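Chemist: Enclosed is the structure file input_10.tsv (TSV, N, CA and C atoms and all ligand atoms).
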chain	number	residue	atom	x	y	z
A	3	MET	N	-15.16	11.88	43.65
A	3	MET	CA	-14.80	13.15	43.04
A	3	MET	C	-14.78	13.05	41.51
A	4	ASN	N	-14.89	11.84	40.98
A	4	ASN	CA	-14.87	11.68	39.52
A	4	ASN	C	-15.97	12.49	38.86
A	5	GLY	N	-15.63	13.15	37.78
A	5	GLY	CA	-16.63	13.92	37.05
A	5	GLY	C	-16.82	15.31	37.60
A	6	LYS	N	-16.23	15.58	38.75
A	6	LYS	CA	-16.35	16.92	39.32
A	6	LYS	C	-15.46	17.90	38.56
A	7	LEU	N	-16.00	19.09	38.39
A	7	LEU	CA	-15.24	20.13	37.76
A	7	LEU	C	-14.09	20.56	38.68
A	8	GLN	N	-12.91	20.59	38.14
A	8	GLN	CA	-11.76	21.05	38.93
A	8	GLN	C	-11.17	22.27	38.22
A	9	ILE	N	-11.34	23.41	38.83
A	9	ILE	CA	-10.84	24.63	38.21
A	9	ILE	C	-9.74	25.23	39.08
A	10	LYS	N	-8.61	25.44	38.49
A	10	LYS	CA	-7.48	26.01	39.23
A	10	LYS	C	-7.20	27.44	38.79
A	11	THR	N	-7.56	27.72	37.54
A	11	THR	CA	-7.37	29.09	37.04
A	11	THR	C	-8.66	29.55	36.38
A	12	CYS	N	-8.90	30.85	36.45
A	12	CYS	CA	-10.11	31.43	35.88
A	12	CYS	C	-10.08	31.32	34.34
A	13	PRO	N	-11.15	30.79	33.73
A	13	PRO	CA	-11.19	30.67	32.28
A	13	PRO	C	-11.26	32.02	31.57
A	14	THR	N	-11.65	33.05	32.29
A	14	THR	CA	-11.79	34.37	31.67
A	14	THR	C	-10.50	35.20	31.77
A	15	CYS	N	-9.92	35.28	32.97
A	15	CYS	CA	-8.76	36.16	33.15
A	15	CYS	C	-7.48	35.40	33.49
A	16	GLY	N	-7.60	34.09	33.76
A	16	GLY	CA	-6.41	33.30	34.05
A	16	GLY	C	-5.91	33.43	35.48
A	17	SER	N	-6.64	34.13	36.33
A	17	SER	CA	-6.22	34.31	37.72
A	17	SER	C	-6.29	32.99	38.48
A	18	ASN	N	-5.32	32.76	39.35
A	18	ASN	CA	-5.38	31.56	40.19
A	18	ASN	C	-6.08	31.85	41.51
A	19	GLN	N	-6.73	32.99	41.60
A	19	GLN	CA	-7.47	33.36	42.81
A	19	GLN	C	-8.87	32.74	42.83
A	20	ILE	N	-9.27	32.17	41.71
A	20	ILE	CA	-10.62	31.60	41.63
A	20	ILE	C	-10.77	30.48	42.66
A	21	ARG	N	-11.94	30.43	43.30
A	21	ARG	CA	-12.13	29.44	44.35
A	21	ARG	C	-13.58	29.01	44.40
A	22	PHE	N	-13.80	27.84	45.00
A	22	PHE	CA	-15.14	27.29	45.11
A	22	PHE	C	-15.83	27.86	46.35
A	23	VAL	N	-17.02	28.39	46.15
A	23	VAL	CA	-17.78	28.96	47.26
A	23	VAL	C	-19.18	28.38	47.24
A	24	VAL	N	-19.86	28.44	48.39
A	24	VAL	CA	-21.26	28.03	48.46
A	24	VAL	C	-22.05	29.19	49.04
A	25	ARG	N	-23.00	29.66	48.26
A	25	ARG	CA	-23.79	30.82	48.67
A	25	ARG	C	-25.22	30.67	48.21
A	26	ASP	N	-26.12	31.40	48.88
A	26	ASP	CA	-27.46	31.59	48.35
A	26	ASP	C	-27.34	32.62	47.24
A	27	ILE	N	-27.86	32.31	46.08
A	27	ILE	CA	-27.78	33.31	45.02
A	27	ILE	C	-29.17	33.80	44.66
A	28	VAL	N	-29.23	35.05	44.25
A	28	VAL	CA	-30.49	35.67	43.86
A	28	VAL	C	-30.45	35.92	42.36
A	29	ARG	N	-31.46	35.43	41.69
A	29	ARG	CA	-31.55	35.63	40.24
A	29	ARG	C	-32.81	36.40	39.94
A	30	MET	N	-32.88	36.94	38.74
A	30	MET	CA	-34.07	37.68	38.35
A	30	MET	C	-34.64	37.12	37.06
A	31	TYR	N	-35.96	37.03	37.02
A	31	TYR	CA	-36.63	36.58	35.82
A	31	TYR	C	-37.87	37.43	35.59
A	32	LYS	N	-37.88	38.19	34.53
A	32	LYS	CA	-39.00	39.06	34.19
A	32	LYS	C	-39.45	39.92	35.36
A	33	GLY	N	-38.49	40.51	36.05
A	33	GLY	CA	-38.79	41.42	37.15
A	33	GLY	C	-39.04	40.72	38.47
A	34	LEU	N	-39.14	39.38	38.44
A	34	LEU	CA	-39.30	38.62	39.67
A	34	LEU	C	-37.94	38.13	40.14
A	35	THR	N	-37.66	38.33	41.41
A	35	THR	CA	-36.43	37.76	41.94
A	35	THR	C	-36.74	36.45	42.64
A	36	TYR	N	-35.82	35.54	42.54
A	36	TYR	CA	-35.96	34.27	43.27
A	36	TYR	C	-34.60	33.87	43.80
A	37	THR	N	-34.63	33.16	44.92
A	37	THR	CA	-33.39	32.77	45.58
A	37	THR	C	-33.16	31.28	45.40
A	38	VAL	N	-31.96	30.93	45.07
A	38	VAL	CA	-31.57	29.53	45.00
A	38	VAL	C	-30.60	29.28	46.15
A	39	PRO	N	-31.00	28.47	47.14
A	39	PRO	CA	-30.17	28.31	48.34
A	39	PRO	C	-28.97	27.39	48.14
A	40	LYS	N	-27.91	27.72	48.83
A	40	LYS	CA	-26.72	26.86	48.91
A	40	LYS	C	-26.22	26.40	47.55
A	41	VAL	N	-25.92	27.36	46.72
A	41	VAL	CA	-25.39	27.06	45.39
A	41	VAL	C	-23.86	27.06	45.45
A	42	GLY	N	-23.27	25.97	45.00
A	42	GLY	CA	-21.81	25.89	44.96
A	42	GLY	C	-21.31	26.26	43.57
A	43	PHE	N	-20.36	27.17	43.51
A	43	PHE	CA	-19.82	27.57	42.21
A	43	PHE	C	-18.42	28.14	42.40
A	44	TYR	N	-17.71	28.27	41.31
A	44	TYR	CA	-16.39	28.90	41.34
A	44	TYR	C	-16.55	30.39	41.12
A	45	ASP	N	-15.91	31.16	41.98
A	45	ASP	CA	-16.03	32.61	41.93
A	45	ASP	C	-14.63	33.21	41.81
A	46	CYS	N	-14.44	34.05	40.81
A	46	CYS	CA	-13.15	34.70	40.61
A	46	CYS	C	-13.21	36.13	41.16
A	47	PRO	N	-12.45	36.41	42.21
A	47	PRO	CA	-12.47	37.75	42.80
A	47	PRO	C	-11.76	38.78	41.91
A	48	ASN	N	-11.00	38.30	40.97
A	48	ASN	CA	-10.24	39.21	40.10
A	48	ASN	C	-11.12	39.86	39.04
A	49	CYS	N	-11.94	39.05	38.36
A	49	CYS	CA	-12.75	39.60	37.27
A	49	CYS	C	-14.25	39.41	37.49
A	50	GLY	N	-14.62	38.68	38.55
A	50	GLY	CA	-16.04	38.50	38.84
A	50	GLY	C	-16.67	37.33	38.10
A	51	GLU	N	-15.87	36.57	37.38
A	51	GLU	CA	-16.39	35.41	36.66
A	51	GLU	C	-16.95	34.38	37.64
A	52	LYS	N	-18.08	33.78	37.24
A	52	LYS	CA	-18.66	32.71	38.04
A	52	LYS	C	-18.83	31.49	37.14
A	53	VAL	N	-18.38	30.36	37.62
A	53	VAL	CA	-18.46	29.14	36.82
A	53	VAL	C	-19.31	28.13	37.57
A	54	TYR	N	-20.38	27.70	36.91
A	54	TYR	CA	-21.29	26.75	37.53
A	54	TYR	C	-21.12	25.37	36.91
A	55	GLU	N	-21.23	24.36	37.75
A	55	GLU	CA	-21.25	23.01	37.23
A	55	GLU	C	-22.61	22.75	36.59
A	56	ARG	N	-22.62	21.73	35.71
A	56	ARG	CA	-23.85	21.42	34.98
A	56	ARG	C	-25.02	21.13	35.92
A	57	GLU	N	-24.78	20.32	36.95
A	57	GLU	CA	-25.87	19.99	37.86
A	57	GLU	C	-26.32	21.21	38.65
A	58	THR	N	-25.40	22.15	38.86
A	58	THR	CA	-25.76	23.39	39.53
A	58	THR	C	-26.66	24.23	38.65
A	59	MET	N	-26.37	24.26	37.35
A	59	MET	CA	-27.22	24.98	36.41
A	59	MET	C	-28.63	24.41	36.43
A	60	LEU	N	-28.73	23.08	36.50
A	60	LEU	CA	-30.04	22.43	36.55
A	60	LEU	C	-30.79	22.81	37.83
A	61	LYS	N	-30.04	22.90	38.93
A	61	LYS	CA	-30.66	23.28	40.20
A	61	LYS	C	-31.19	24.70	40.12
A	62	ILE	N	-30.40	25.59	39.53
A	62	ILE	CA	-30.83	26.98	39.38
A	62	ILE	C	-32.08	27.06	38.50
A	63	GLU	N	-32.07	26.31	37.40
A	63	GLU	CA	-33.22	26.32	36.50
A	63	GLU	C	-34.46	25.79	37.21
A	64	PHE	N	-34.26	24.79	38.07
A	64	PHE	CA	-35.39	24.21	38.78
A	64	PHE	C	-36.08	25.24	39.67
A	65	HIS	N	-35.31	26.17	40.22
A	65	HIS	CA	-35.87	27.21	41.09
A	65	HIS	C	-36.46	28.37	40.30
A	66	SER	N	-36.21	28.41	39.01
A	66	SER	CA	-36.64	29.54	38.21
A	66	SER	C	-38.14	29.50	37.93
A	67	PRO	N	-38.80	30.65	38.01
A	67	PRO	CA	-40.22	30.71	37.63
A	67	PRO	C	-40.44	30.26	36.19
A	68	ALA	N	-39.46	30.49	35.34
A	68	ALA	CA	-39.56	30.09	33.94
A	68	ALA	C	-39.66	28.56	33.83
A	69	TYR	N	-38.90	27.87	34.65
A	69	TYR	CA	-38.91	26.41	34.64
A	69	TYR	C	-40.29	25.88	35.01
A	70	HIS	N	-40.86	26.43	36.07
A	70	HIS	CA	-42.15	25.93	36.54
A	70	HIS	C	-43.27	26.23	35.56
A	71	LYS	N	-43.15	27.37	34.88
A	71	LYS	CA	-44.13	27.72	33.87
A	71	LYS	C	-44.08	26.69	32.71
A	72	ALA	N	-42.88	26.35	32.29
A	72	ALA	CA	-42.72	25.38	31.23
A	72	ALA	C	-43.26	24.02	31.64
A	73	GLU	N	-42.99	23.66	32.87
A	73	GLU	CA	-43.46	22.37	33.41
A	73	GLU	C	-44.99	22.30	33.38
A	74	ALA	N	-45.64	23.38	33.79
A	74	ALA	CA	-47.10	23.43	33.82
A	74	ALA	C	-47.67	23.25	32.41
A	75	LEU	N	-47.01	23.84	31.44
A	75	LEU	CA	-47.48	23.72	30.07
A	75	LEU	C	-47.36	22.27	29.58
A	76	VAL	N	-46.30	21.62	29.99
A	76	VAL	CA	-46.09	20.22	29.59
A	76	VAL	C	-47.19	19.33	30.17
A	77	GLU	N	-47.55	19.61	31.42
A	77	GLU	CA	-48.54	18.77	32.09
A	77	GLU	C	-49.95	19.04	31.57
A	78	ALA	N	-50.19	20.22	31.03
A	78	ALA	CA	-51.52	20.61	30.58
A	78	ALA	C	-51.84	20.08	29.20
B	101	ZN	ZN	-11.18	35.86	36.47
In C-alpha cells, how does this file's structure come out?
Modeler:
Amino acid sequence: MNGKLQIKTCPTCGSNQIRFVVRDIVRMYKGLTYTVPKVGFYDCPNCGEKVYERETMLKIEFHSPAYHKAEALVEA
C-alpha cells in the first residue's frame, strides 16, 4: 500500500463522504468519445469532485486518441 493515495476528505469541499470507486469512464477528445475500462478513482458525492492517482492519469492518457496520435508522430 506504500505510495498509494489515501484520501479521507474531499480536497474541494472537505466532505468525508468521498470514497474510492472503480468504474468504466467515458472521456471526450475533439468530439470523439472513448472509454477507459475499470478506472479506480476517488469520487465525492457531495460536490462531484473526482481525484485520480498519477498512474490512473497515465492509464487514461494511454486510452486517449490524443496519446496515440502523439505516439505515431514520435515513431515517424
Ligand atoms: Zn467534495
Chemist: Running DSSP on the backbone, which parts of chain A land in helix (DSSP H, G or I), as a list in words?
Modeler: Arg56, Glu57, Thr58, Met59, Leu60, Lys61, Ile62, Glu63, Phe64, His65, Pro67, Ala68, Tyr69, His70, Lys71, Ala72, Glu73, Ala74, Leu75, Val76 and Glu77 of chain A
Chemist: Residues of chain A within 7 Å of ligand ZN 101 (chain B): nearest atom pair and distance (Å, one decimal) for each, counting all atoms listed in the file, sorted by chain and number, as a Markdown table?
Modeler:
| residue | atom | partner | partner_atom | distance |
| --- | --- | --- | --- | --- |
| A:Thr11 | C | B:ZN101 | ZN | 6.8 |
| A:Cys12 | CA | B:ZN101 | ZN | 4.6 |
| A:Pro13 | N | B:ZN101 | ZN | 5.8 |
| A:Thr14 | C | B:ZN101 | ZN | 4.8 |
| A:Cys15 | N | B:ZN101 | ZN | 3.8 |
| A:Gly16 | N | B:ZN101 | ZN | 4.8 |
| A:Ser17 | N | B:ZN101 | ZN | 4.9 |
| A:Ile20 | N | B:ZN101 | ZN | 6.7 |
| A:Asp45 | C | B:ZN101 | ZN | 6.9 |
| A:Cys46 | CA | B:ZN101 | ZN | 4.7 |
| A:Pro47 | N | B:ZN101 | ZN | 5.9 |
| A:Asn48 | C | B:ZN101 | ZN | 4.8 |
| A:Cys49 | N | B:ZN101 | ZN | 3.8 |
| A:Gly50 | N | B:ZN101 | ZN | 4.9 |
| A:Glu51 | N | B:ZN101 | ZN | 4.8 |
Chemist: Could you list, as a list in words, every residue within 7 Å of stretch 53-60 of chain A, counting only C-alpha atoms and ignoring same-chain residues fewer than 5 positions away?
Modeler: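 In the requested form, the answer reads Leu7, Val41, Phe43, Tyr44 and Asp45 of chain A.
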Chemist: Among the residues of chain A, find those DSSP assigns to strand (DSSP E) from the backbone and print them as a ChimeraX atom specification.
Modeler: /A:21-31,34-45,52-53
Chemist: Distance atom N of A:Arg25-atom CA of A:Val38, one decimal place?
Modeler: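 Result for atom N of A:Arg25 versus atom CA of A:Val38: 9.2 Å, one decimal.
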Chemist: Taking only C-alpha atoms into account, which of A:Phe64, A:Leu34, A:Tyr69, A:Ile9 comes nearest A:Lys52?
Modeler: A:Ile9
Chemist: Just how far from atom C of A:Val23 is atom N of A:Ala68, in Å to one decimal?
Modeler: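 Taking atom N of A:Ala68 as the start and atom C of A:Val23 as the end point, the length is 23.6 Å.
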Chemist: How many Å lie between atom CA of A:Gly33 and atom CA of A:Ile62, rounded to one decimal?
Modeler: 16.6 Å
Chemist: For the structure just given, write the atoms of stretch 12-48 of chain A, namely N, CA and C atoms, as a PDB file, in the first residue's frame.
Modeler:
ATOM      1  N   CYS A  12     -12.602  15.212   1.055  1.00  0.00           N
ATOM      2  CA  CYS A  12     -12.554  15.801  -0.275  1.00  0.00           C
ATOM      3  C   CYS A  12     -11.689  17.070  -0.267  1.00  0.00           C
ATOM      4  N   PRO A  13     -10.717  17.168  -1.189  1.00  0.00           N
ATOM      5  CA  PRO A  13      -9.861  18.353  -1.239  1.00  0.00           C
ATOM      6  C   PRO A  13     -10.612  19.613  -1.668  1.00  0.00           C
ATOM      7  N   THR A  14     -11.765  19.436  -2.280  1.00  0.00           N
ATOM      8  CA  THR A  14     -12.527  20.590  -2.766  1.00  0.00           C
ATOM      9  C   THR A  14     -13.523  21.106  -1.726  1.00  0.00           C
ATOM     10  N   CYS A  15     -14.323  20.206  -1.143  1.00  0.00           N
ATOM     11  CA  CYS A  15     -15.380  20.663  -0.241  1.00  0.00           C
ATOM     12  C   CYS A  15     -15.184  20.194   1.195  1.00  0.00           C
ATOM     13  N   GLY A  16     -14.202  19.308   1.415  1.00  0.00           N
ATOM     14  CA  GLY A  16     -13.925  18.856   2.775  1.00  0.00           C
ATOM     15  C   GLY A  16     -14.863  17.766   3.272  1.00  0.00           C
ATOM     16  N   SER A  17     -15.742  17.268   2.411  1.00  0.00           N
ATOM     17  CA  SER A  17     -16.685  16.228   2.815  1.00  0.00           C
ATOM     18  C   SER A  17     -15.960  14.921   3.109  1.00  0.00           C
ATOM     19  N   ASN A  18     -16.404  14.208   4.130  1.00  0.00           N
ATOM     20  CA  ASN A  18     -15.817  12.891   4.398  1.00  0.00           C
ATOM     21  C   ASN A  18     -16.599  11.785   3.694  1.00  0.00           C
ATOM     22  N   GLN A  19     -17.463  12.167   2.779  1.00  0.00           N
ATOM     23  CA  GLN A  19     -18.241  11.192   2.007  1.00  0.00           C
ATOM     24  C   GLN A  19     -17.451  10.662   0.805  1.00  0.00           C
ATOM     25  N   ILE A  20     -16.323  11.276   0.528  1.00  0.00           N
ATOM     26  CA  ILE A  20     -15.529  10.863  -0.640  1.00  0.00           C
ATOM     27  C   ILE A  20     -15.093   9.413  -0.470  1.00  0.00           C
ATOM     28  N   ARG A  21     -15.148   8.658  -1.569  1.00  0.00           N
ATOM     29  CA  ARG A  21     -14.822   7.241  -1.474  1.00  0.00           C
ATOM     30  C   ARG A  21     -14.188   6.763  -2.766  1.00  0.00           C
ATOM     31  N   PHE A  22     -13.478   5.644  -2.660  1.00  0.00           N
ATOM     32  CA  PHE A  22     -12.803   5.067  -3.816  1.00  0.00           C
ATOM     33  C   PHE A  22     -13.772   4.180  -4.587  1.00  0.00           C
ATOM     34  N   VAL A  23     -13.875   4.429  -5.881  1.00  0.00           N
ATOM     35  CA  VAL A  23     -14.765   3.634  -6.722  1.00  0.00           C
ATOM     36  C   VAL A  23     -13.991   3.155  -7.941  1.00  0.00           C
ATOM     37  N   VAL A  24     -14.491   2.088  -8.570  1.00  0.00           N
ATOM     38  CA  VAL A  24     -13.907   1.613  -9.820  1.00  0.00           C
ATOM     39  C   VAL A  24     -15.007   1.564 -10.864  1.00  0.00           C
ATOM     40  N   ARG A  25     -14.810   2.319 -11.920  1.00  0.00           N
ATOM     41  CA  ARG A  25     -15.830   2.406 -12.964  1.00  0.00           C
ATOM     42  C   ARG A  25     -15.181   2.509 -14.329  1.00  0.00           C
ATOM     43  N   ASP A  26     -15.956   2.148 -15.357  1.00  0.00           N
ATOM     44  CA  ASP A  26     -15.570   2.490 -16.720  1.00  0.00           C
ATOM     45  C   ASP A  26     -15.893   3.969 -16.893  1.00  0.00           C
ATOM     46  N   ILE A  27     -14.934   4.737 -17.357  1.00  0.00           N
ATOM     47  CA  ILE A  27     -15.239   6.147 -17.559  1.00  0.00           C
ATOM     48  C   ILE A  27     -15.191   6.484 -19.046  1.00  0.00           C
ATOM     49  N   VAL A  28     -16.018   7.430 -19.430  1.00  0.00           N
ATOM     50  CA  VAL A  28     -16.081   7.877 -20.816  1.00  0.00           C
ATOM     51  C   VAL A  28     -15.528   9.295 -20.887  1.00  0.00           C
ATOM     52  N   ARG A  29     -14.574   9.476 -21.758  1.00  0.00           N
ATOM     53  CA  ARG A  29     -13.980  10.797 -21.934  1.00  0.00           C
ATOM     54  C   ARG A  29     -14.217  11.245 -23.366  1.00  0.00           C
ATOM     55  N   MET A  30     -14.040  12.531 -23.603  1.00  0.00           N
ATOM     56  CA  MET A  30     -14.222  13.040 -24.952  1.00  0.00           C
ATOM     57  C   MET A  30     -12.977  13.786 -25.405  1.00  0.00           C
ATOM     58  N   TYR A  31     -12.616  13.568 -26.657  1.00  0.00           N
ATOM     59  CA  TYR A  31     -11.489  14.279 -27.231  1.00  0.00           C
ATOM     60  C   TYR A  31     -11.839  14.700 -28.646  1.00  0.00           C
ATOM     61  N   LYS A  32     -11.924  15.982 -28.880  1.00  0.00           N
ATOM     62  CA  LYS A  32     -12.253  16.532 -30.191  1.00  0.00           C
ATOM     63  C   LYS A  32     -13.475  15.873 -30.807  1.00  0.00           C
ATOM     64  N   GLY A  33     -14.523  15.716 -30.007  1.00  0.00           N
ATOM     65  CA  GLY A  33     -15.775  15.170 -30.496  1.00  0.00           C
ATOM     66  C   GLY A  33     -15.820  13.649 -30.520  1.00  0.00           C
ATOM     67  N   LEU A  34     -14.668  13.010 -30.275  1.00  0.00           N
ATOM     68  CA  LEU A  34     -14.626  11.555 -30.210  1.00  0.00           C
ATOM     69  C   LEU A  34     -14.731  11.125 -28.752  1.00  0.00           C
ATOM     70  N   THR A  35     -15.599  10.174 -28.493  1.00  0.00           N
ATOM     71  CA  THR A  35     -15.650   9.635 -27.141  1.00  0.00           C
ATOM     72  C   THR A  35     -14.851   8.341 -27.094  1.00  0.00           C
ATOM     73  N   TYR A  36     -14.223   8.122 -25.981  1.00  0.00           N
ATOM     74  CA  TYR A  36     -13.506   6.861 -25.775  1.00  0.00           C
ATOM     75  C   TYR A  36     -13.711   6.413 -24.341  1.00  0.00           C
ATOM     76  N   THR A  37     -13.692   5.105 -24.156  1.00  0.00           N
ATOM     77  CA  THR A  37     -13.950   4.540 -22.842  1.00  0.00           C
ATOM     78  C   THR A  37     -12.661   3.993 -22.249  1.00  0.00           C
ATOM     79  N   VAL A  38     -12.440   4.301 -21.003  1.00  0.00           N
ATOM     80  CA  VAL A  38     -11.311   3.734 -20.280  1.00  0.00           C
ATOM     81  C   VAL A  38     -11.890   2.771 -19.243  1.00  0.00           C
ATOM     82  N   PRO A  39     -11.637   1.461 -19.392  1.00  0.00           N
ATOM     83  CA  PRO A  39     -12.282   0.480 -18.518  1.00  0.00           C
ATOM     84  C   PRO A  39     -11.653   0.392 -17.131  1.00  0.00           C
ATOM     85  N   LYS A  40     -12.497   0.120 -16.165  1.00  0.00           N
ATOM     86  CA  LYS A  40     -12.055  -0.187 -14.799  1.00  0.00           C
ATOM     87  C   LYS A  40     -11.075   0.836 -14.234  1.00  0.00           C
ATOM     88  N   VAL A  41     -11.517   2.069 -14.215  1.00  0.00           N
ATOM     89  CA  VAL A  41     -10.694   3.137 -13.665  1.00  0.00           C
ATOM     90  C   VAL A  41     -11.028   3.326 -12.182  1.00  0.00           C
ATOM     91  N   GLY A  42     -10.010   3.270 -11.355  1.00  0.00           N
ATOM     92  CA  GLY A  42     -10.212   3.493  -9.926  1.00  0.00           C
ATOM     93  C   GLY A  42      -9.914   4.939  -9.573  1.00  0.00           C
ATOM     94  N   PHE A  43     -10.838   5.585  -8.885  1.00  0.00           N
ATOM     95  CA  PHE A  43     -10.611   6.975  -8.503  1.00  0.00           C
ATOM     96  C   PHE A  43     -11.465   7.309  -7.291  1.00  0.00           C
ATOM     97  N   TYR A  44     -11.157   8.421  -6.666  1.00  0.00           N
ATOM     98  CA  TYR A  44     -11.965   8.902  -5.551  1.00  0.00           C
ATOM     99  C   TYR A  44     -13.066   9.796  -6.087  1.00  0.00           C
ATOM    100  N   ASP A  45     -14.282   9.530  -5.630  1.00  0.00           N
ATOM    101  CA  ASP A  45     -15.445  10.262  -6.111  1.00  0.00           C
ATOM    102  C   ASP A  45     -16.170  10.877  -4.919  1.00  0.00           C
ATOM    103  N   CYS A  46     -16.393  12.176  -4.974  1.00  0.00           N
ATOM    104  CA  CYS A  46     -17.098  12.866  -3.895  1.00  0.00           C
ATOM    105  C   CYS A  46     -18.556  13.082  -4.293  1.00  0.00           C
ATOM    106  N   PRO A  47     -19.482  12.428  -3.595  1.00  0.00           N
ATOM    107  CA  PRO A  47     -20.902  12.583  -3.934  1.00  0.00           C
ATOM    108  C   PRO A  47     -21.449  13.956  -3.541  1.00  0.00           C
ATOM    109  N   ASN A  48     -20.719  14.648  -2.708  1.00  0.00           N
ATOM    110  CA  ASN A  48     -21.184  15.953  -2.230  1.00  0.00           C
ATOM    111  C   ASN A  48     -21.014  17.043  -3.282  1.00  0.00           C
TER     112      ASN A  48
END
